[in-house]
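Undergrad: I'd like to ask you about the structure that follows.
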Amino acid sequence: MASKRRFGRVRKLPSGRYQARYPGPDGVDRPAPHTFASKTDADRWLSGVETDLNRGTWRNPDVGRVALGDYLTEWVDHRPGLRPRTLDLYRWLHRKYIAPSLGDCFLTDLTPGAIRAWRADLLADGVSATMTAKAYRLLRAVLNTAVDDELIRRNPCRIQGAGIERPSERPTATVAQVFQLSDIVPGRLRVLILLAAFASLRYGELAALRRRDFDPRCRTLTVRATLVERQDGTLTFGPPKTDAGLRTVTIPAAIRRDVRTHLADFVAEDQDALVFTGAAGAVLRRSNFQRTCNWRASVTAVGLPGFHFHDLRHTGNTLASRTGASLADLMARMGHASTRAALIYQHTAQERDQHIADGLSEQIKKDRDRARNGHAKPKK
C-alpha cells in the first residue's frame, strides 16, 4: 500500500525496498532514480526534492539524459577558435579513449566513481600517463560546459592532478652536437637545424618562414605564421597558436653568416619565397624532412639516439637560460603564452633578446672552436 504524505508518494515494493514518486512542476509524475532501503530514506529524499521545488533549484532529471558521445561531438564542433591540429587531437582522444567506455553513458549517469574507474582502466591497459592526462583534461572541459548548460549539477571529474601531464625530461644536445647534426643533413636543411636550436623555433614556424621574415643583414627573424599538417595530410599556413607566438627573434651573431649563405644559395629572390623546402621546392612536410635527413640514423651518429626534432628547441632554451635570462625573457623568445607569461611578455624589451642572442653566440663560438677539427664540410 502507498502511504499518504504531504508531498509525493512512497510505496513498498515486493522486493522489500521502497519507491518514491513525485509530481514535477511540468506535470510529469516522476519516480526517484533509485529505490530505498527504508521508508525513512524515501521520505527524506522526497523532502529534498520538495525543498528544491520551493527554492526554484529543481532540475529536470530528463534534461541530462544525453549521451556523452553525442554531447562531446557537438562540443568539439561548436568550439570557436580551435586550431586544426587541436580539433584533430580532440576527435582522436574521443574516438580512442573516451567513446569506447563512456560514449553511450548519459551525462547524468557519470559519477566520480565511474570517472575514476575509466581512468584506472586506461592506465591498466597501458595507455601512457601523458595520453591519459590529455583525455581526462578534455573530458573535464566538456563536462564543465555541461554544468554551464545546466545538464548536470556538478562535474564528476574530481581526481586531484589527473589532468596534469608529467612527461619525462627530454635530452639536450651540446653545441658541438648541434653543428655535427647540421653537417650531416642535406645542405639545404643545415640552417633549419641551427635555427631550431639557437633561435628556439618550432618545426611549423621554421617550415613557414619566408625571405621577407629576415631583416637584410639577418640579425633578426620574425615569426608570422606556422605550417599545420593535419592527420589527413592537409597542409595549411596559419597564424601562430597564440599572440605570444607572433614575435621577432634575434639571431645569434655566430650563425648569421650561415643564414645569409643559405638565403643566397637555396632561396629564391621573391620576398614570399619559402626559406626551407623539399628537394623539388615544395612545402617541407615533417614526414619528408625526417626521411630526407634519415633522422634516426643521423641523431644516433652524433651520440643522440632517440633525439626528437623538438629537442633542438629544448636545447636552445636550455642554452638561453644559461645566459642569465629571466623567465619573462625566455617566454618571449620562445613564444610561450600563459596567464603569467602574457603579463610579463609585453614588458620584455628587444634589448634583453639581444642580450640572450649575444650570450648564445659566445657559447656557440667557444664550443664550435673546440669541436671544429674533424667536422665534415657542410654539404650543398
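Letters for chains follow the order of the C-alpha cells (A, B, ...), residue numbers begin at 1 for each chain, and ligand numbers begin at 1 in the order shown.
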So that I can check the surroundings of Glu205 of chain A, please list as number ranges by chain every protein, DNA and RNA residue that reaches within 8 Å of it, counting only C-alpha atoms and ignoring chain neighbours fewer than 6 positions away.
TA: A: 223, 225-227, 240
Undergrad: Would you return as number ranges by chain the members of segment 9-60 of chain A that DSSP assigns to helix (DSSP H, G or I) on this structure's backbone?
TA: A: 39-55
Undergrad: Using only C-alpha atoms, which residue out of A:Val228, A:Leu143, A:Ala42, A:Ile164 lies closest to Thr130 of chain A?
TA: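 Among the listed residues, A:Ile164 lies closest to Thr130 of chain A.
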Undergrad: Can you tell me which residues surround segment 180-182 of chain A at a distance of at most 9 Å, considering only C-alpha atoms, apart from same-chain residues fewer than 4 positions away, and format the answer as a ChimeraX atom specification?
TA: /A:175-176,186-187,189-194,298-299,301-302,371,375-376,378
Undergrad: Would you mind exporting the chosen residues as an mmCIF file, in the first residue's frame, restricted to C-alpha atoms?
TA:
data_model
loop_
_atom_site.group_PDB
_atom_site.id
_atom_site.type_symbol
_atom_site.label_atom_id
_atom_site.label_comp_id
_atom_site.auth_asym_id
_atom_site.auth_seq_id
_atom_site.Cartn_x
_atom_site.Cartn_y
_atom_site.Cartn_z
ATOM 1 C CA VAL A 175 76.589 22.994 -29.213
ATOM 2 C CA ALA A 176 79.086 20.660 -30.880
ATOM 3 C CA PRO A 186 71.443 17.843 -46.617
ATOM 4 C CA GLY A 187 72.897 21.304 -47.083
ATOM 5 C CA LEU A 189 68.352 21.884 -44.344
ATOM 6 C CA ARG A 190 71.502 22.735 -42.404
ATOM 7 C CA VAL A 191 70.322 26.171 -41.257
ATOM 8 C CA LEU A 192 66.949 24.746 -40.290
ATOM 9 C CA ILE A 193 68.781 22.702 -37.642
ATOM 10 C CA LEU A 194 70.749 25.755 -36.457
ATOM 11 C CA SER A 298 71.679 10.995 -38.075
ATOM 12 C CA VAL A 299 70.967 11.675 -34.404
ATOM 13 C CA ALA A 301 75.582 9.165 -35.389
ATOM 14 C CA VAL A 302 76.140 12.277 -33.244
ATOM 15 C CA ALA A 371 84.811 20.929 -31.997
ATOM 16 C CA HIS A 375 83.994 18.055 -38.730
ATOM 17 C CA ALA A 376 82.772 17.276 -42.204
ATOM 18 C CA PRO A 378 78.741 21.346 -44.983
#
Undergrad: Need the shell around Glu50 of chain A: protein/DNA/RNA residues with any atom at most 9 Å away, counting only C-alpha atoms. Skip same-chain ones fewer than 6 positions apart. Format as a ChimeraX atom specification?
TA: /A:7-8,22,58
Undergrad: Taking only C-alpha atoms into account, name the residue in A:Lys39, A:Arg65, A:His355, A:Arg211 that is nearest to Cys105 of chain A.
TA: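 Ranked by minimum distance to Cys105 of chain A, first place goes to A:Arg65.
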Undergrad: Any idea what's packed within 9 Å of segment 241-257 of chain A, counting only C-alpha atoms, ignoring anything in its chain fewer than 3 positions away? Could you give it as a ChimeraX atom specification?
TA: /A:83,191,194-195,198-200,217-226,238,260-262,331-337,341-342,345,350,353-354,356-362,364-365
Undergrad: Could those residues be written to a file, using N, CA and C atoms, as a compact mmCIF listing (two decimals), in the first residue's frame?
TA:
# COMPACT_ATOMS: atom_id res chain seq x y z
N ARG A 83 42.30 25.40 -33.21
CA ARG A 83 43.18 25.23 -34.35
C ARG A 83 42.99 23.84 -34.96
N VAL A 191 70.68 25.00 -42.06
CA VAL A 191 70.32 26.17 -41.26
C VAL A 191 69.02 25.95 -40.50
N LEU A 194 70.13 24.70 -37.27
CA LEU A 194 70.75 25.75 -36.46
C LEU A 194 69.70 26.70 -35.87
N LEU A 195 68.70 27.06 -36.65
CA LEU A 195 67.67 27.98 -36.14
C LEU A 195 66.75 27.29 -35.15
N PHE A 198 69.22 27.37 -32.00
CA PHE A 198 69.75 28.63 -31.47
C PHE A 198 68.79 29.82 -31.57
N ALA A 199 67.62 29.60 -32.24
CA ALA A 199 66.58 30.63 -32.23
C ALA A 199 65.31 30.09 -31.57
N SER A 200 65.36 28.83 -31.12
CA SER A 200 64.25 28.19 -30.38
C SER A 200 62.93 28.23 -31.15
N ARG A 217 70.23 42.07 -43.03
CA ARG A 217 71.53 41.59 -42.54
C ARG A 217 71.40 40.30 -41.71
N CYS A 218 70.18 39.76 -41.67
CA CYS A 218 69.90 38.52 -40.94
C CYS A 218 70.27 38.62 -39.46
N ARG A 219 69.99 39.78 -38.90
CA ARG A 219 70.19 39.94 -37.46
C ARG A 219 68.98 39.45 -36.69
N THR A 220 67.81 39.54 -37.32
CA THR A 220 66.58 39.07 -36.67
C THR A 220 65.71 38.34 -37.68
N LEU A 221 64.81 37.56 -37.17
CA LEU A 221 63.76 36.96 -37.99
C LEU A 221 62.44 37.17 -37.27
N THR A 222 61.36 37.26 -38.01
CA THR A 222 60.05 37.49 -37.43
C THR A 222 59.15 36.29 -37.73
N VAL A 223 58.60 35.73 -36.67
CA VAL A 223 57.67 34.61 -36.82
C VAL A 223 56.28 35.18 -37.04
N ARG A 224 55.74 34.95 -38.22
CA ARG A 224 54.42 35.47 -38.56
C ARG A 224 53.40 34.36 -38.79
N ALA A 225 53.88 33.16 -39.06
CA ALA A 225 52.97 32.07 -39.43
C ALA A 225 53.53 30.74 -38.96
N THR A 226 52.72 29.72 -39.09
CA THR A 226 53.15 28.36 -38.80
C THR A 226 52.50 27.43 -39.80
N GLY A 238 48.92 29.15 -41.19
CA GLY A 238 48.05 29.95 -40.34
C GLY A 238 48.87 30.73 -39.34
N ARG A 260 72.76 33.87 -43.95
CA ARG A 260 72.89 34.66 -45.19
C ARG A 260 73.29 33.75 -46.35
N THR A 261 74.20 32.82 -46.10
CA THR A 261 74.64 31.89 -47.15
C THR A 261 73.48 31.02 -47.62
N HIS A 262 72.67 30.56 -46.68
CA HIS A 262 71.52 29.74 -47.03
C HIS A 262 70.54 30.51 -47.91
N MET A 331 60.34 33.25 -22.06
CA MET A 331 58.99 33.03 -22.56
C MET A 331 58.75 33.84 -23.83
N ALA A 332 59.25 35.07 -23.85
CA ALA A 332 59.06 35.94 -25.01
C ALA A 332 59.83 35.39 -26.21
N ARG A 333 61.07 34.95 -25.98
CA ARG A 333 61.89 34.45 -27.09
C ARG A 333 61.29 33.17 -27.69
N MET A 334 60.76 32.32 -26.84
CA MET A 334 60.23 31.05 -27.31
C MET A 334 58.78 31.13 -27.79
N GLY A 335 58.11 32.25 -27.52
CA GLY A 335 56.73 32.39 -27.97
C GLY A 335 55.75 31.62 -27.12
N HIS A 336 56.08 31.44 -25.84
CA HIS A 336 55.16 30.76 -24.92
C HIS A 336 54.14 31.76 -24.38
N ALA A 337 52.95 31.26 -24.08
CA ALA A 337 51.91 32.13 -23.54
C ALA A 337 51.17 31.41 -22.42
N ALA A 341 52.72 34.43 -18.16
CA ALA A 341 53.66 34.85 -19.19
C ALA A 341 53.13 36.04 -19.98
N ALA A 342 51.82 36.05 -20.23
CA ALA A 342 51.24 37.14 -21.02
C ALA A 342 51.42 38.48 -20.33
N TYR A 345 55.21 39.28 -20.75
CA TYR A 345 55.71 39.28 -22.12
C TYR A 345 55.75 40.69 -22.70
N GLN A 350 63.39 44.42 -26.56
CA GLN A 350 64.22 43.80 -27.57
C GLN A 350 65.68 43.75 -27.12
N ASP A 353 66.42 40.51 -25.54
CA ASP A 353 66.54 39.44 -26.52
C ASP A 353 67.91 39.50 -27.19
N GLN A 354 68.41 40.72 -27.43
CA GLN A 354 69.75 40.87 -27.98
C GLN A 354 70.78 40.30 -27.02
N ILE A 356 70.31 37.87 -24.87
CA ILE A 356 70.23 36.41 -24.95
C ILE A 356 71.01 35.92 -26.17
N ALA A 357 70.78 36.58 -27.32
CA ALA A 357 71.46 36.16 -28.55
C ALA A 357 72.97 36.30 -28.42
N ASP A 358 73.42 37.38 -27.80
CA ASP A 358 74.87 37.57 -27.61
C ASP A 358 75.46 36.49 -26.73
N GLY A 359 74.73 36.14 -25.65
CA GLY A 359 75.20 35.08 -24.77
C GLY A 359 75.25 33.74 -25.47
N LEU A 360 74.22 33.46 -26.29
CA LEU A 360 74.23 32.23 -27.08
C LEU A 360 75.41 32.21 -28.04
N SER A 361 75.65 33.34 -28.66
CA SER A 361 76.73 33.43 -29.64
C SER A 361 78.08 33.12 -29.00
N GLU A 362 78.30 33.62 -27.79
CA GLU A 362 79.55 33.33 -27.08
C GLU A 362 79.70 31.83 -26.83
N ILE A 364 78.28 29.44 -28.53
CA ILE A 364 78.47 28.76 -29.81
C ILE A 364 79.92 28.87 -30.27
N LYS A 365 80.49 30.08 -30.17
CA LYS A 365 81.86 30.30 -30.63
C LYS A 365 82.85 29.43 -29.87
Undergrad: Report the distance between atom CA of Val63 of chain A and atom CA of Trp118 of chain A in Å, rounded to one decimal place.
TA: 23.7 Å
Undergrad: When DSSP is applied to the backbone of this structure, which of segment 132-313 of chain A are assigned strand (DSSP E)? Write them out as a VMD selection string.
TA: chain A and resid 220 to 223 226 to 229 235 to 238 247 to 250
Undergrad: Write out the residues from the selection above, keeping all heavy atoms, as a short mmCIF file (atom, residue, chain, number, x, y, z; two decimals), in the first residue's frame.
TA:
data_model
loop_
_atom_site.label_atom_id
_atom_site.label_comp_id
_atom_site.auth_asym_id
_atom_site.auth_seq_id
_atom_site.Cartn_x
_atom_site.Cartn_y
_atom_site.Cartn_z
N THR A 220 67.81 39.54 -37.32
CA THR A 220 66.58 39.07 -36.67
C THR A 220 65.71 38.34 -37.68
O THR A 220 65.88 38.48 -38.90
CB THR A 220 65.75 40.23 -36.09
OG1 THR A 220 65.30 41.07 -37.16
CG2 THR A 220 66.56 41.05 -35.09
N LEU A 221 64.81 37.56 -37.17
CA LEU A 221 63.76 36.96 -37.99
C LEU A 221 62.44 37.17 -37.27
O LEU A 221 62.41 37.27 -36.04
CB LEU A 221 64.01 35.47 -38.24
CG LEU A 221 64.02 34.50 -37.05
CD1 LEU A 221 62.62 34.05 -36.68
CD2 LEU A 221 64.87 33.29 -37.37
N THR A 222 61.36 37.26 -38.01
CA THR A 222 60.05 37.49 -37.43
C THR A 222 59.15 36.29 -37.73
O THR A 222 58.99 35.89 -38.89
CB THR A 222 59.40 38.76 -37.99
OG1 THR A 222 60.24 39.87 -37.67
CG2 THR A 222 58.02 38.99 -37.37
N VAL A 223 58.60 35.73 -36.67
CA VAL A 223 57.67 34.61 -36.82
C VAL A 223 56.28 35.18 -37.04
O VAL A 223 55.72 35.82 -36.14
CB VAL A 223 57.70 33.70 -35.57
CG1 VAL A 223 56.67 32.58 -35.72
CG2 VAL A 223 59.09 33.13 -35.36
N THR A 226 52.72 29.72 -39.09
CA THR A 226 53.15 28.36 -38.80
C THR A 226 52.50 27.43 -39.80
O THR A 226 51.40 27.69 -40.28
CB THR A 226 52.80 27.96 -37.36
OG1 THR A 226 53.40 26.70 -37.04
CG2 THR A 226 51.30 27.85 -37.17
N LEU A 227 53.20 26.35 -40.14
CA LEU A 227 52.66 25.35 -41.06
C LEU A 227 51.99 24.27 -40.23
O LEU A 227 52.60 23.70 -39.32
CB LEU A 227 53.78 24.75 -41.91
CG LEU A 227 53.36 23.62 -42.85
CD1 LEU A 227 52.44 24.13 -43.95
CD2 LEU A 227 54.59 22.95 -43.46
N VAL A 228 50.74 23.98 -40.55
CA VAL A 228 49.98 22.95 -39.83
C VAL A 228 49.72 21.79 -40.78
O VAL A 228 49.20 21.96 -41.88
CB VAL A 228 48.64 23.51 -39.32
CG1 VAL A 228 47.84 22.41 -38.63
CG2 VAL A 228 48.89 24.66 -38.35
N GLU A 229 50.10 20.58 -40.33
CA GLU A 229 49.87 19.37 -41.11
C GLU A 229 48.82 18.54 -40.38
O GLU A 229 49.06 18.05 -39.27
CB GLU A 229 51.16 18.58 -41.27
CG GLU A 229 51.04 17.41 -42.22
CD GLU A 229 52.39 16.79 -42.57
OE1 GLU A 229 53.43 17.37 -42.20
OE2 GLU A 229 52.39 15.73 -43.22
N LEU A 235 47.79 20.39 -45.65
CA LEU A 235 48.73 21.41 -45.18
C LEU A 235 48.08 22.78 -45.24
O LEU A 235 47.45 23.14 -46.23
CB LEU A 235 49.99 21.42 -46.06
CG LEU A 235 50.90 20.19 -46.01
CD1 LEU A 235 52.01 20.32 -47.04
CD2 LEU A 235 51.49 20.00 -44.63
N THR A 236 48.22 23.54 -44.16
CA THR A 236 47.70 24.91 -44.14
C THR A 236 48.69 25.82 -43.44
O THR A 236 49.35 25.41 -42.48
CB THR A 236 46.34 25.00 -43.41
OG1 THR A 236 46.49 24.51 -42.07
CG2 THR A 236 45.28 24.20 -44.14
N PHE A 237 48.79 27.06 -43.93
CA PHE A 237 49.57 28.08 -43.25
C PHE A 237 48.60 28.93 -42.44
O PHE A 237 47.58 29.37 -42.95
CB PHE A 237 50.32 28.97 -44.25
CG PHE A 237 51.45 28.28 -44.95
CD1 PHE A 237 51.29 27.74 -46.21
CD2 PHE A 237 52.69 28.15 -44.31
CE1 PHE A 237 52.34 27.10 -46.85
CE2 PHE A 237 53.74 27.51 -44.94
CZ PHE A 237 53.56 26.97 -46.21
N GLY A 238 48.92 29.15 -41.19
CA GLY A 238 48.05 29.95 -40.34
C GLY A 238 48.87 30.73 -39.34
O GLY A 238 50.09 30.60 -39.27
N ARG A 247 56.33 36.97 -33.00
CA ARG A 247 57.47 37.56 -32.30
C ARG A 247 58.64 37.77 -33.24
O ARG A 247 58.72 37.14 -34.30
CB ARG A 247 57.91 36.66 -31.14
CG ARG A 247 58.44 35.30 -31.58
CD ARG A 247 58.44 34.31 -30.43
NE ARG A 247 59.12 33.05 -30.73
CZ ARG A 247 58.56 32.05 -31.40
NH1 ARG A 247 57.33 32.19 -31.88
NH2 ARG A 247 59.24 30.94 -31.62
N THR A 248 59.53 38.65 -32.84
CA THR A 248 60.79 38.85 -33.54
C THR A 248 61.91 38.31 -32.68
O THR A 248 62.01 38.66 -31.50
CB THR A 248 61.02 40.35 -33.84
OG1 THR A 248 60.00 40.80 -34.75
CG2 THR A 248 62.38 40.57 -34.48
N VAL A 249 62.73 37.45 -33.26
CA VAL A 249 63.80 36.77 -32.53
C VAL A 249 65.15 37.23 -33.06
O VAL A 249 65.37 37.26 -34.28
CB VAL A 249 63.67 35.23 -32.68
CG1 VAL A 249 64.81 34.52 -31.95
CG2 VAL A 249 62.33 34.75 -32.17
N THR A 250 66.04 37.59 -32.17
CA THR A 250 67.39 37.96 -32.56
C THR A 250 68.20 36.71 -32.85
O THR A 250 68.25 35.79 -32.03
CB THR A 250 68.08 38.78 -31.45
OG1 THR A 250 67.27 39.92 -31.15
CG2 THR A 250 69.46 39.24 -31.89
#
Undergrad: When you count only C-alpha atoms, which of these residues is closest to Pro305 of chain A: A:Ala162, A:Leu53, A:Val142, A:Ala173?
TA: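 Among the listed residues, the smallest separation from Pro305 of chain A belongs to A:Ala173.
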Undergrad: Closest to Phe106 of chain A among A:Gly69, A:Pro14, A:Pro80, A:Gly126, using only C-alpha atoms?
TA: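 Closest candidate: A:Gly69.
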Undergrad: Quick one: pull the distance between atom CA of Ala133 of chain A and atom CA of Arg153 of chain A, Å, one decimal.
TA: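 Taking atom CA of Ala133 of chain A and atom CA of Arg153 of chain A, their separation equals 23.5 Å.
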Undergrad: Report, in Å with one decimal, the straight-line distance from atom CA of Arg210 of chain A to atom CA of Gln271 of chain A.
TA: 6.8 Å
